[in-house]
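K.L.:
This is upload-v8.cif, which holds mmCIF, C-alpha atoms:
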data_protein
#
loop_
_atom_site.label_atom_id
_atom_site.label_comp_id
_atom_site.auth_asym_id
_atom_site.auth_seq_id
_atom_site.Cartn_x
_atom_site.Cartn_y
_atom_site.Cartn_z
CA MET A 1 100.78 277.05 138.89
CA LEU A 2 103.52 274.95 137.23
CA TRP A 3 106.20 277.10 138.82
CA SER A 4 104.73 276.66 142.31
CA LEU A 5 104.49 272.89 141.76
CA LEU A 6 108.14 272.81 140.75
CA LYS A 7 109.19 274.82 143.80
CA ALA A 8 107.22 272.44 146.06
CA PHE A 9 108.84 269.45 144.37
CA VAL A 10 112.42 270.70 144.73
CA VAL A 11 112.18 272.03 148.30
CA GLY A 12 110.10 269.11 149.56
CA GLY A 13 112.45 266.66 147.88
CA ALA A 14 115.47 268.36 149.44
CA ILE A 15 113.96 268.19 152.94
CA CYS A 16 113.28 264.47 152.45
CA ALA A 17 116.80 263.93 151.09
CA ILE A 18 118.24 265.45 154.27
CA GLY A 19 116.20 262.89 156.21
CA GLU A 20 117.63 260.13 154.02
CA VAL A 21 121.16 261.35 154.81
CA LEU A 22 120.30 260.99 158.50
CA VAL A 23 118.98 257.47 157.88
CA LEU A 24 122.10 256.37 156.01
CA LYS A 25 124.81 258.21 157.93
CA THR A 26 123.55 257.87 161.50
CA LYS A 27 121.93 255.09 163.47
CA LEU A 28 118.80 257.18 164.14
CA THR A 29 115.51 255.31 163.82
CA PRO A 30 112.74 256.89 161.71
CA ALA A 31 110.81 257.68 164.91
CA ARG A 32 113.73 259.73 166.25
CA ILE A 33 114.16 261.49 162.93
CA LEU A 34 110.46 262.41 162.89
CA VAL A 35 110.70 263.81 166.43
CA GLY A 36 113.85 265.68 165.43
CA TYR A 37 112.13 267.09 162.36
CA ILE A 38 109.13 268.41 164.23
CA VAL A 39 111.26 269.98 166.98
CA ALA A 40 113.56 271.45 164.32
CA GLY A 41 110.47 272.88 162.63
CA VAL A 42 109.30 274.48 165.88
CA ILE A 43 112.72 276.02 166.54
CA LEU A 44 113.40 277.18 162.96
CA SER A 45 109.97 278.74 162.86
CA ALA A 46 110.50 280.48 166.23
CA LEU A 47 113.75 281.93 164.89
CA GLY A 48 111.82 283.24 161.88
CA LEU A 49 113.74 281.09 159.41
CA TYR A 50 110.92 278.79 158.33
CA ALA A 51 108.28 281.34 157.33
CA PRO A 52 110.27 282.58 154.29
CA LEU A 53 110.75 278.98 153.16
CA ALA A 54 107.03 278.26 153.52
CA GLU A 55 106.28 281.47 151.65
CA PHE A 56 108.57 280.39 148.82
CA ALA A 57 107.84 276.67 148.54
CA GLY A 58 104.25 276.31 149.77
CA ALA A 59 103.44 272.65 150.30
CA GLY A 60 107.12 271.81 149.73
CA ALA A 61 107.75 273.28 153.17
CA THR A 62 104.43 272.59 154.92
CA VAL A 63 103.87 268.93 153.95
CA PRO A 64 107.12 267.59 155.50
CA LEU A 65 106.96 267.23 159.29
CA THR A 66 109.05 270.37 159.81
CA GLY A 67 105.98 272.16 158.46
CA PHE A 68 103.94 270.59 161.26
CA GLY A 69 106.37 272.17 163.74
CA HIS A 70 106.09 275.45 161.86
CA ALA A 71 102.27 275.30 162.18
CA LEU A 72 102.58 274.64 165.93
CA THR A 73 104.79 277.70 166.43
CA ASN A 74 102.63 279.89 164.20
CA GLY A 75 99.52 278.91 166.13
CA VAL A 76 101.17 279.53 169.49
CA LYS A 77 102.43 282.97 168.48
CA LYS A 78 99.04 283.97 167.08
CA ALA A 79 97.21 282.78 170.19
CA VAL A 80 99.63 284.60 172.50
CA GLN A 81 99.00 287.80 170.54
CA GLU A 82 95.25 287.30 170.84
CA ILE A 83 94.66 286.02 174.36
CA GLY A 84 97.99 286.55 176.09
CA PHE A 85 100.00 284.08 178.14
CA MET A 86 97.49 281.21 178.07
CA GLY A 87 97.76 281.21 174.30
CA ALA A 88 101.01 279.28 174.75
CA PHE A 89 98.84 276.30 175.66
CA THR A 90 96.00 276.69 173.16
CA GLY A 91 97.61 277.89 169.96
CA GLY A 92 99.67 274.89 168.89
CA LEU A 93 96.90 272.36 168.88
CA THR A 94 94.38 274.81 167.43
CA SER A 95 96.43 275.36 164.32
CA THR A 96 97.26 271.67 163.85
CA ALA A 97 93.87 270.30 164.91
CA ALA A 98 92.79 269.29 161.41
CA GLY A 99 95.89 267.27 160.65
CA ILE A 100 95.80 265.46 163.98
CA ALA A 101 92.06 264.81 163.90
CA ALA A 102 92.25 263.55 160.32
CA ALA A 103 95.14 261.23 161.16
CA VAL A 104 93.34 259.85 164.23
CA PHE A 105 90.01 259.46 162.44
CA PHE A 106 91.19 258.00 159.14
CA GLY A 107 93.86 256.01 160.94
CA SER A 108 91.42 254.24 163.22
CA LEU A 109 88.93 253.84 160.38
CA ALA A 110 91.56 252.16 158.20
CA ALA A 111 92.63 249.99 161.11
CA LEU A 112 89.03 248.88 161.61
CA VAL A 113 88.43 248.08 157.95
CA PHE A 114 91.68 246.40 156.92
CA LYS A 115 92.98 243.10 158.18
CA PRO A 116 96.53 242.63 159.43
CA LYS A 117 98.80 240.97 156.91
CA ALA A 118 99.33 237.25 157.46
CA LYS A 119 102.97 236.67 158.25
CA MET B 1 143.06 219.55 150.41
CA PHE B 2 142.35 223.26 150.71
CA ASP B 3 141.95 224.14 154.39
CA LYS B 4 139.39 226.84 154.99
CA ASN B 5 140.68 227.56 158.49
CA ALA B 6 144.29 227.97 157.48
CA LYS B 7 145.60 231.50 157.89
CA PRO B 8 146.15 233.23 154.56
CA SER B 9 149.72 234.11 153.73
CA PRO B 10 150.72 237.71 154.66
CA GLN B 11 150.64 238.65 151.02
CA ARG B 12 147.15 237.25 150.55
CA GLN B 13 146.07 238.93 153.80
CA ARG B 14 147.22 242.31 152.48
CA GLN B 15 145.27 241.68 149.32
CA LEU B 16 142.16 240.83 151.31
CA ASP B 17 142.54 243.92 153.50
CA ARG B 18 142.94 246.11 150.49
CA TYR B 19 139.89 244.57 148.89
CA LYS B 20 137.86 245.12 152.07
CA GLN B 21 138.92 248.76 152.20
CA LEU B 22 137.99 249.18 148.58
CA VAL B 23 134.55 247.66 149.15
CA GLU B 24 133.98 249.88 152.15
CA ARG B 25 135.01 252.93 150.22
CA MET B 26 132.88 252.20 147.19
CA SER B 27 129.67 250.69 148.43
CA PRO B 28 128.25 253.28 150.89
CA ASN B 29 128.68 255.96 148.27
CA SER B 30 126.64 254.28 145.58
CA ASP B 31 123.94 253.27 148.11
CA MET B 32 123.85 256.80 149.35
CA GLY B 33 123.42 258.35 145.90
CA GLN B 34 120.59 256.00 145.02
CA GLY B 35 118.87 256.41 148.40
CA LEU B 36 119.08 260.18 148.17
CA LEU B 37 117.71 260.22 144.65
CA ARG B 38 114.79 257.99 145.63
CA ALA B 39 114.00 260.03 148.76
CA PHE B 40 114.26 263.22 146.73
CA TRP B 41 111.94 262.31 143.90
CA VAL B 42 109.30 260.49 145.95
CA GLY B 43 109.31 263.09 148.74
CA GLY B 44 109.30 265.87 146.18
CA SER B 45 106.39 264.28 144.31
CA ILE B 46 104.35 263.97 147.51
CA CYS B 47 104.92 267.66 148.29
CA CYS B 48 104.19 268.56 144.67
CA PHE B 49 100.90 266.67 144.85
CA GLY B 50 100.15 268.49 148.11
CA GLN B 51 100.77 271.81 146.39
CA PHE B 52 98.45 270.74 143.59
CA LEU B 53 95.72 269.88 146.14
CA GLN B 54 96.08 273.32 147.71
CA GLU B 55 95.89 275.15 144.41
CA ALA B 56 92.99 272.98 143.29
CA GLY B 57 91.14 273.71 146.54
CA LYS B 58 91.64 277.44 146.06
CA MET B 59 90.87 277.49 142.37
CA TRP B 60 87.94 275.10 142.00
CA LEU B 61 86.51 274.57 145.48
CA GLY B 62 86.54 278.20 146.59
CA MET B 63 88.67 277.56 149.68
CA ASN B 64 90.71 280.19 151.52
CA ASN B 65 94.36 279.57 152.43
CA THR B 66 93.66 277.85 155.75
CA ALA B 67 90.98 275.59 154.33
CA ALA B 68 93.16 274.71 151.35
CA SER B 69 96.14 273.64 153.46
CA THR B 70 93.79 271.67 155.74
CA PHE B 71 92.31 270.03 152.64
CA CYS B 72 95.81 269.17 151.45
CA SER B 73 96.92 267.44 154.66
CA THR B 74 93.56 265.69 155.11
CA VAL B 75 93.64 264.17 151.62
CA LEU B 76 97.27 263.09 151.99
CA VAL B 77 96.47 261.45 155.33
CA LEU B 78 93.40 259.71 153.92
CA LEU B 79 95.30 258.37 150.89
CA THR B 80 98.14 257.12 153.08
CA ALA B 81 95.71 255.35 155.40
CA LEU B 82 94.12 253.62 152.39
CA LEU B 83 97.45 252.67 150.79
CA THR B 84 98.75 251.38 154.12
CA GLY B 85 95.62 249.30 154.57
CA ILE B 86 95.92 247.58 151.20
CA GLY B 87 99.66 247.02 151.73
CA ILE B 88 101.02 249.28 149.00
CA TRP B 89 102.52 251.88 151.34
CA ASP B 90 105.00 249.34 152.74
CA LYS B 91 106.52 249.04 149.28
CA ILE B 92 106.68 252.79 148.77
CA GLY B 93 108.30 253.13 152.18
CA GLN B 94 110.92 250.49 151.41
CA TYR B 95 111.70 252.12 148.11
CA ALA B 96 111.79 255.76 149.18
CA GLY B 97 112.90 255.69 152.82
CA ALA B 98 112.83 259.21 154.19
CA GLY B 99 111.03 260.34 151.04
CA ALA B 100 107.97 258.49 152.34
CA PHE B 101 108.21 259.06 156.08
CA VAL B 102 109.30 262.71 156.30
CA PRO B 103 106.13 264.17 154.71
CA ILE B 104 102.87 264.07 156.68
CA THR B 105 102.19 260.75 154.91
CA GLY B 106 104.82 259.16 157.18
CA PHE B 107 102.99 260.44 160.25
CA ALA B 108 99.76 258.90 158.96
CA ASN B 109 101.44 255.61 158.07
CA ALA B 110 103.09 255.47 161.52
CA MET B 111 99.61 255.63 163.04
CA VAL B 112 97.72 253.25 160.77
CA SER B 113 100.30 250.53 160.44
CA PRO B 114 100.68 249.52 164.14
CA ALA B 115 96.96 250.08 164.69
CA ILE B 116 96.13 247.44 162.05
CA GLU B 117 98.82 245.13 163.37
CA PHE B 118 97.61 245.24 166.98
CA LYS B 119 93.89 245.31 166.27
CA ARG B 120 93.62 241.74 167.51
CA GLU B 121 94.63 242.90 170.98
CA GLY B 122 91.37 244.80 171.22
CA LEU B 123 89.84 248.08 170.12
CA VAL B 124 90.93 250.04 173.19
CA LEU B 125 94.41 248.92 174.19
CA GLY B 126 95.19 247.42 170.79
CA LEU B 127 93.96 249.76 168.06
CA GLY B 128 93.40 252.77 170.29
CA ALA B 129 96.75 252.70 172.03
CA LYS B 130 98.99 251.54 169.19
CA LEU B 131 97.71 254.33 166.95
CA PHE B 132 100.12 256.51 168.94
CA THR B 133 103.21 254.29 169.02
CA ILE B 134 105.17 256.73 166.87
CA ALA B 135 102.70 259.60 166.56
CA GLY B 136 102.70 259.88 170.37
CA PRO B 137 106.38 260.81 170.76
CA VAL B 138 106.12 263.16 167.78
CA LEU B 139 103.15 264.98 169.34
CA VAL B 140 104.69 265.00 172.84
CA TRP B 141 107.91 266.64 171.70
CA GLY B 142 106.33 268.88 169.10
CA ILE B 143 103.66 270.24 171.43
CA SER B 144 106.07 270.62 174.34
CA ALA B 145 108.56 272.53 172.20
CA SER B 146 105.79 274.80 170.91
CA VAL B 147 104.55 275.52 174.46
CA VAL B 148 108.09 276.53 175.45
CA VAL B 149 108.24 278.83 172.42
CA GLY B 150 104.82 280.24 173.38
CA ILE B 151 105.88 280.96 176.96
CA ILE B 152 109.05 282.71 175.79
CA TYR B 153 107.02 284.63 173.21
CA ALA B 154 104.51 285.73 175.87
CA ILE B 155 107.34 287.15 177.99
CA TRP B 156 109.53 288.63 175.25
CA PRO B 157 107.56 289.01 172.03
CA TRP B 158 109.97 289.46 169.13
#
Show me this structure written as structure tokens.

P.N.:
Amino acid sequence: MLWSLLKAFVVGGAICAIGEVLVLKTKLTPARILVGYIVAGVILSALGLYAPLAEFAGAGATVPLTGFGHALTNGVKKAVQEIGFMGAFTGGLTSTAAGIAAAVFFGSLAALVFKPKAK
Amino acid sequence: MFDKNAKPSPQRQRQLDRYKQLVERMSPNSDMGQGLLRAFWVGGSICCFGQFLQEAGKMWLGMNNTAASTFCSTVLVLLTALLTGIGIWDKIGQYAGAGAFVPITGFANAMVSPAIEFKREGLVLGLGAKLFTIAGPVLVWGISASVVVGIIYAIWPW
């Protein structure tokens, strides 16, 4: 278990460090970097490059947003194999449903409970 | 009296230019190293904690792979929502930069933070709409890209 934690730490840290390079070296806003990361995840996964990384690093590859893109592509491919063409429209959200639903639910809950900071 | 607006002598000007160049050459580098290190260790720790959640789910809660990774992202999202609400996440974000916003925690923070801020504009167009200020574009582009991949895959499976 220690070894897998270390792998997750190093790979996840490296993916975040690449993001930090983009922050410091370019004028990209975090929102653009996040969009870039998820699209990069979709494309890398479609090319078959992300699955080996996810296999190796576990959460180190799936917790960063590129992993979200990887989950979208995985879901789409699986759904296309199962139900054919229409799977292109069902698979992505099926495989990422939990993350999105949790973010929406806990996000709105937190927003209801906590007060905005006085400025 | 010393005149602030007076032009410096050519010699002094060269000195100033050289100093400016030196500052430009030195400062981005040290900022960069520190920023990278911070992003690396905080981002790495978040992923490491995620891995721990997955293993814990499998080992002690009897989850399969899918349930364990769902458990991992759900807990990370929940913790981020809480930390954002009590104002601690802002500090982590300032410290770690990309280390805080690249993992799924950044996605959660990007939803909660504007939702809290704009709550006073109402529960529908304030909270409800602002939840997706940053998450919206991410979902739009991510889902669209995955649909394109799906269509290509349906035509030419590889």

K.L.:
Pick out the closest residue to Leu53 of chain A from this set: A:Gly36, A:Gly12, A:Gly87, A:Gly92. Count only C-alpha atoms.

P.N.:
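When distances to Leu53 of chain A are compared using only C-alpha atoms, the smallest one comes from A:Gly12.
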
K.L.:
To verify the selection step, state as a PyMOL selection string which residues the PyMOL selection byres ((chain B) within 7 of (chain A)) yields on this input.

P.N.:
chain B and resi 32+35-36+39-41+43-45+47-48+50-52+70+73-74+77-78+81-82+85+97-99+102-104+108+111-112+115-117+134+137-138+141-143+145-147+149-151+153-154

K.L.:
How many Å separate atom CA of Pro157 of chain B from atom CA of Leu49 of chain A?

P.N.:
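Result for atom CA of Pro157 of chain B versus atom CA of Leu49 of chain A: 16.1 Å, one decimal.
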
K.L.:
Take atom CA of Ile86 of chain B and atom CA of Gln34 of chain B and report the distance between them in Å, one decimal.

P.N.:
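Computing it gives 26.8 Å between the two atoms.
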
K.L.:
Apply the PyMOL selection byres ((chain B and resi 90) around 12) to the displayed file and report the matching residues as a list in words.

P.N.:
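For this structure, the PyMOL selection byres ((chain B and resi 90) around 12) captures Lys117 of chain A; Thr80, Ala81, Leu82, Leu83, Thr84, Gly85, Ile86, Gly87, Ile88, Trp89, Lys91, Ile92, Gly93, Gln94, Tyr95, Ala96, Gly97, Ala100, Phe101, Thr105, Gly106, Asn109, Ala110, Val112 and Ser113 of chain B.
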
K.L.:
Work out how far apart atom CA of Ser144 of chain B and atom CA of Tyr50 of chain A are and give it in Å to one decimal.

P.N.:
18.6 Å
